[in-house]
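**Student:** Supplied structure: input04.txt, compact mmCIF, C-alpha atoms.
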```txt
# COMPACT_ATOMS: atom_id res chain seq x y z
CA MET A 424 -133.07 138.82 20.97
CA SER A 425 -134.52 140.04 24.24
CA ALA A 426 -138.04 139.69 25.55
CA ASP A 427 -138.58 143.39 24.71
CA VAL A 428 -138.11 142.93 20.94
CA GLU A 429 -141.34 143.10 18.94
CA ARG A 430 -142.58 139.63 18.09
CA GLU A 431 -145.65 138.12 16.52
CA ARG A 432 -148.66 138.26 18.87
CA TRP A 433 -151.11 135.42 19.19
CA GLU A 434 -154.44 135.20 20.98
CA LEU A 435 -155.31 132.56 23.57
CA ARG A 436 -158.63 130.87 22.80
CA THR A 437 -159.46 129.03 26.00
CA GLY A 438 -160.21 125.36 25.36
CA GLU A 439 -159.72 125.75 21.61
CA GLY A 440 -156.09 126.60 20.96
CA VAL A 441 -153.73 129.49 20.50
CA GLY A 442 -153.01 131.81 17.59
CA PRO A 443 -153.83 130.07 14.31
CA LEU A 444 -153.63 126.62 15.94
CA LYS A 445 -156.66 124.66 17.13
CA PHE A 446 -156.48 121.54 19.26
CA GLY A 447 -157.34 118.49 17.18
CA MET A 448 -155.58 119.71 14.02
CA SER A 449 -153.54 117.21 12.01
CA PRO A 450 -149.80 117.84 11.46
CA ALA A 451 -150.55 118.96 7.89
CA GLU A 452 -153.19 121.44 9.14
CA VAL A 453 -150.73 122.82 11.71
CA ALA A 454 -148.07 123.32 9.03
CA ASP A 455 -150.62 125.07 6.80
CA ALA A 456 -151.80 127.32 9.66
CA LEU A 457 -148.20 128.29 10.41
CA LEU A 458 -147.54 128.93 6.72
CA VAL A 459 -144.61 126.50 6.72
CA SER A 460 -143.56 125.30 3.29
CA GLY A 461 -140.94 122.70 4.20
CA PRO A 462 -141.33 119.83 6.65
CA PRO A 463 -140.80 120.74 10.32
CA ALA A 464 -138.21 118.94 12.43
CA ARG A 465 -139.73 115.79 13.95
CA VAL A 466 -138.64 114.79 17.44
CA GLY A 467 -139.07 111.47 19.26
CA GLY A 468 -140.70 110.88 22.64
CA PRO A 469 -144.05 109.63 23.92
CA TYR A 470 -145.87 112.12 21.67
CA GLU A 471 -145.32 113.09 18.09
CA GLN A 472 -143.46 116.38 18.26
CA GLU A 473 -142.72 118.88 15.52
CA ASP A 474 -140.45 121.88 15.94
CA PHE A 475 -141.36 124.79 13.70
CA PRO A 476 -139.38 127.94 12.90
CA ASP A 477 -139.94 130.98 15.09
CA GLY A 478 -140.05 129.12 18.40
CA VAL A 479 -143.21 127.01 18.02
CA LYS A 480 -143.34 123.36 19.06
CA ALA A 481 -146.40 121.21 18.41
CA PHE A 482 -147.17 118.00 20.31
CA TYR A 483 -149.69 115.48 19.03
CA ASP A 484 -151.68 112.70 20.62
CA ALA A 485 -152.98 110.07 18.17
CA GLY A 486 -152.10 112.38 15.27
CA LYS A 487 -154.06 115.38 16.63
CA LEU A 488 -152.66 118.61 18.09
CA ALA A 489 -152.78 118.45 21.89
CA CYS A 490 -150.12 120.91 23.12
CA VAL A 491 -148.33 123.99 21.79
CA ALA A 492 -145.12 125.23 23.42
CA LEU A 493 -143.70 128.67 22.66
CA ASP A 494 -140.05 129.59 23.06
CA ALA A 495 -139.37 132.23 25.71
CA VAL A 496 -137.50 134.48 23.29
CA THR A 497 -138.23 133.51 19.69
CA GLY A 498 -141.82 132.30 19.97
CA PRO A 499 -144.95 134.38 19.45
CA GLN A 500 -146.13 136.45 22.40
CA ILE A 501 -149.39 135.80 24.24
CA PHE A 502 -150.79 138.26 26.78
CA LEU A 503 -153.11 137.32 29.61
CA ALA A 504 -154.75 140.38 31.18
CA GLY A 505 -151.87 142.47 29.84
CA PHE A 506 -149.09 140.20 31.20
CA PRO A 507 -146.62 138.82 28.62
CA LEU A 508 -146.56 135.04 29.08
CA ALA A 509 -143.38 134.45 27.03
CA GLY A 510 -140.04 135.90 28.09
CA SER A 511 -140.96 137.28 31.51
CA ASP A 512 -139.28 136.75 34.86
CA PRO A 513 -140.50 133.35 36.20
CA VAL A 514 -141.08 134.67 39.74
CA GLN A 515 -143.23 137.51 38.38
CA GLY A 516 -145.03 135.07 36.05
CA HIS A 517 -145.78 132.70 38.90
CA GLN A 518 -147.14 135.53 41.07
CA PHE A 519 -149.18 136.91 38.17
CA LEU A 520 -150.87 133.54 37.64
CA LEU A 521 -151.65 133.22 41.37
CA ASP A 522 -153.11 136.74 41.44
CA HIS A 523 -155.08 136.10 38.23
CA ALA A 524 -156.47 132.86 39.65
CA ALA A 525 -157.52 134.58 42.88
CA GLU A 526 -159.25 137.38 40.98
CA HIS A 527 -160.94 135.22 38.32
CA GLY A 528 -161.50 131.94 40.18
CA ASN A 529 -159.18 129.90 37.94
CA TRP A 530 -158.22 126.35 38.88
CA ILE A 531 -154.54 126.09 39.85
CA LEU A 532 -152.33 123.06 39.34
CA TYR A 533 -148.68 122.62 40.27
CA THR A 534 -146.84 120.09 38.11
CA PRO A 535 -144.06 117.85 39.47
CA ASP A 536 -141.40 120.29 38.17
CA GLU A 537 -143.09 123.10 40.19
CA SER A 538 -144.54 124.81 37.13
CA LEU A 539 -147.89 126.47 37.60
CA SER A 540 -150.96 125.88 35.46
CA LEU A 541 -154.33 127.51 35.21
CA THR A 542 -156.10 124.36 34.11
CA ASP A 543 -159.39 125.96 33.07
CA LEU A 544 -157.43 128.18 30.66
CA GLY A 545 -155.26 125.32 29.37
CA LEU A 546 -152.17 127.34 30.29
CA LEU A 547 -148.99 125.95 31.81
CA LEU A 548 -146.16 128.38 32.55
CA ARG A 549 -142.72 126.82 32.57
CA SER A 550 -139.28 128.41 32.64
CA GLN A 551 -136.56 128.17 30.04
CA ARG A 552 -132.85 128.88 30.41
CA VAL A 553 -131.73 131.68 28.10
CA GLY A 554 -128.02 132.36 28.56
CA ASN A 555 -127.53 132.92 32.28
CA ALA A 556 -131.17 133.83 32.90
CA ARG A 557 -134.44 131.95 33.16
CA LEU A 558 -137.53 133.27 31.35
CA THR A 559 -141.14 132.15 31.19
CA ARG A 560 -142.14 129.73 28.45
CA PRO A 561 -145.89 129.10 28.00
CA LEU A 562 -147.47 125.81 27.01
CA PHE A 563 -151.07 125.65 25.85
CA VAL A 564 -152.60 122.27 26.51
CA LYS A 565 -155.90 120.64 25.64
CA GLU A 566 -158.12 120.17 28.67
CA GLU A 567 -157.96 116.36 28.73
CA TRP A 568 -154.19 116.47 29.22
CA LEU A 569 -154.44 118.71 32.28
CA GLU A 570 -157.28 116.66 33.77
CA SER A 571 -155.37 113.37 33.49
CA GLN A 572 -152.62 112.53 36.01
CA TYR A 573 -150.83 110.49 33.33
CA PHE A 574 -150.73 113.33 30.80
CA ARG A 575 -149.89 115.97 33.45
CA ASP A 576 -146.89 113.91 34.51
CA HIS A 577 -145.77 113.51 30.90
CA LEU A 578 -146.11 117.09 29.69
CA PRO A 579 -143.03 118.05 27.70
CA LEU A 580 -140.11 119.87 29.23
CA GLU A 581 -136.96 120.91 27.43
CA ASP A 582 -133.35 121.12 28.41
CA ALA A 583 -131.11 123.99 27.27
CA SER A 584 -130.48 122.32 23.90
CA GLY A 585 -134.21 122.18 23.14
CA ARG A 586 -134.32 118.38 23.52
CA ALA A 587 -137.63 117.25 24.96
CA LEU A 588 -137.58 115.74 28.44
CA TYR A 589 -140.38 113.96 30.27
CA LEU A 590 -140.95 114.10 34.00
CA ALA A 591 -142.32 110.65 34.72
CA SER A 592 -139.14 108.76 33.90
CA GLY A 593 -137.00 110.93 36.17
CA ASP A 594 -133.94 110.62 33.91
CA GLY A 595 -134.97 112.65 30.85
CA ARG A 596 -135.88 109.63 28.76
CA ALA A 597 -139.35 109.05 27.43
CA PRO A 598 -141.34 106.47 29.39
```
Represent the supplied structure as structure tokens.
**Tutor:**
Amino acid sequence: MSADVERERWELRTGEGVGPLKFGMSPAEVADALLVSGPPARVGGPYEQEDFPDGVKAFYDAGKLACVALDAVTGPQIFLAGFPLAGSDPVQGHQFLLDHAAEHGNWILYTPDESLSLTDLGLLLRSQRVGNARLTRPLFVKEEWLESQYFRDHLPLEDASGRALYLASGDGRAP
């Protein structure tokens, strides 16, 4: 599948969530919102993580939804001012966010892995390896996580296999 293939489109609701997901939902509410009948794959790490079909990953803090990560190719598409956040060229995505921030007065944050975030939108744009290319992969994060140095340093990354990695430990293991 390429980034040009039609995919489900979700709306960004700043400070609230993305698509049918709202920050603060329980795992059962997330599964219901995503219309998932069977149990999602649960993954270990410092947060509860569930991997859903169609490129959606949910991360929980104290049993409540705190972060949603969308796969660059198979996840739903989100547009910000007409720019596709999932599956774009990372250099273009980075420049788009800088231009958007300059035009709209958004707060910019660089994470330790050099990803760029517009913190007031709860948007973090990471890259994901897809074959020999890298494509943008958006994360939507509740405000408290982007305001806290601890949570910013522990936002989930993924290696090529989809296994979650965490920045703070430096070796890919959860702290």
**Student:** With a distance cut-off of 12 Å and all atoms listed in the file, select the neighbouring residues of Ser449 of chain A, excluding the residue or stretch itself and same-chain residues fewer than 5 positions from it, and output the selection as a short mmCIF file (atom, residue, chain, number, x, y, z; two decimals) with C-alpha atoms, in the coordinates of the input.
**Tutor:**
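As a result, around-v6.cif now contains:
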```cif
data_model
loop_
_atom_site.label_atom_id
_atom_site.label_comp_id
_atom_site.auth_asym_id
_atom_site.auth_seq_id
_atom_site.Cartn_x
_atom_site.Cartn_y
_atom_site.Cartn_z
CA LEU A 444 -153.63 126.62 15.94
CA ALA A 454 -148.07 123.32 9.03
CA ASP A 455 -150.62 125.07 6.80
CA ALA A 456 -151.80 127.32 9.66
CA GLU A 471 -145.32 113.09 18.09
CA GLN A 472 -143.46 116.38 18.26
CA GLU A 473 -142.72 118.88 15.52
CA ALA A 481 -146.40 121.21 18.41
CA PHE A 482 -147.17 118.00 20.31
CA TYR A 483 -149.69 115.48 19.03
CA ASP A 484 -151.68 112.70 20.62
CA ALA A 485 -152.98 110.07 18.17
CA GLY A 486 -152.10 112.38 15.27
CA LYS A 487 -154.06 115.38 16.63
CA LEU A 488 -152.66 118.61 18.09
CA ALA A 489 -152.78 118.45 21.89
#
```
**Student:** From the options A:Gly554, A:Gly545, A:Pro443, A:Gly516, which residue's atoms come nearest to Glu567 of chain A, counting all atoms listed in the file?
**Tutor:**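 Closest to Glu567 of chain A of all the choices is A:Gly545.
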**Student:** Between A:Arg430, A:Phe475, A:Gly505, A:Val441, which one has atoms that come closest to Leu544 of chain A, using only C-alpha atoms?
**Tutor:**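 Residue with the minimum atom-to-atom distance to Leu544 of chain A: A:Val441.
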**Student:** Show me the residues around (-141.0, 134.9, 22.3) - criterion: an atom at most 7 Å away, only C-alpha atoms counted - as a list in words.
**Tutor:**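 Final list of nearby residues, as requested, is Ala426, Arg430, Leu493, Asp494, Ala495, Val496, Thr497, Gly498, Pro499, Gln500, Ala509 and Gly510 of chain A.
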**Student:** Which residues, written as a PDB file with C-alpha atoms, in the frame of the given file, have at least one atom at most 8 Å from His517 of chain A, with all atoms listed in the file counted and residues fewer than 4 positions away on the same chain left out?
**Tutor:**
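The resulting file, around-v8.pdb, is reproduced below:
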```pdb
ATOM      1  CA  PRO A 513    -140.500 133.350  36.200  1.00  0.00           C
ATOM      2  CA  LEU A 521    -151.650 133.220  41.370  1.00  0.00           C
ATOM      3  CA  LEU A 539    -147.890 126.470  37.600  1.00  0.00           C
ATOM      4  CA  LEU A 548    -146.160 128.380  32.550  1.00  0.00           C
TER       5      LEU A 548
END
```
**Student:** Which distance in Å separates atom CA of Trp568 of chain A and atom CA of Asp474 of chain A, to one decimal?
**Tutor:**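 Separating atom CA of Trp568 of chain A from atom CA of Asp474 of chain A is a distance of 19.9 Å.
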**Student:** Distance atom CA of Arg549 of chain A-atom CA of Ser511 of chain A, one decimal place?
**Tutor:**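 Going from atom CA of Arg549 of chain A over to atom CA of Ser511 of chain A covers 10.7 Å.
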**Student:** What does the distance from atom CA of Lys565 of chain A to atom CA of Gly440 of chain A come to in Å, to one decimal?
**Tutor:**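 Rounded to one decimal, the two atoms are 7.6 Å apart.
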**Student:** With only C-alpha atoms as the counted atoms, please give the residues lying no more than 8 Å from Leu546 of chain A, apart from itself and same-chain residues fewer than 5 positions off, as a list of chain:residue names.
**Tutor:**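 The neighbour list is A:Ser540, A:Leu541, A:Pro561, A:Leu562, A:Phe563, A:Val564.
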**Student:** Hey, which of A:Thr534, A:Pro507, A:His527, A:Gln518 ends up closest to Thr559 of chain A? Count all atoms listed in the file.
**Tutor:**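 Counting all atoms listed in the file, the residue closest to Thr559 of chain A is A:Pro507.
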**Student:** Axis-aligned box over every listed atom of segment 559-571 of chain A, padded by 8 Å per side: centre and edges in Å to one decimal, as AutoDock Vina command-line options?
**Tutor:**
```
--center_x -149.6 --center_y 122.8 --center_z 29.7 --size_x 33.0 --size_y 34.8 --size_z 24.1
```
**Student:** Between A:Gly528, A:Asp522, A:Cys490, A:Asp536, which has the minimum distance to Gly447 of chain A (counting all atoms listed in the file)?
**Tutor:**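 Under the stated criterion, the closest residue is A:Cys490.
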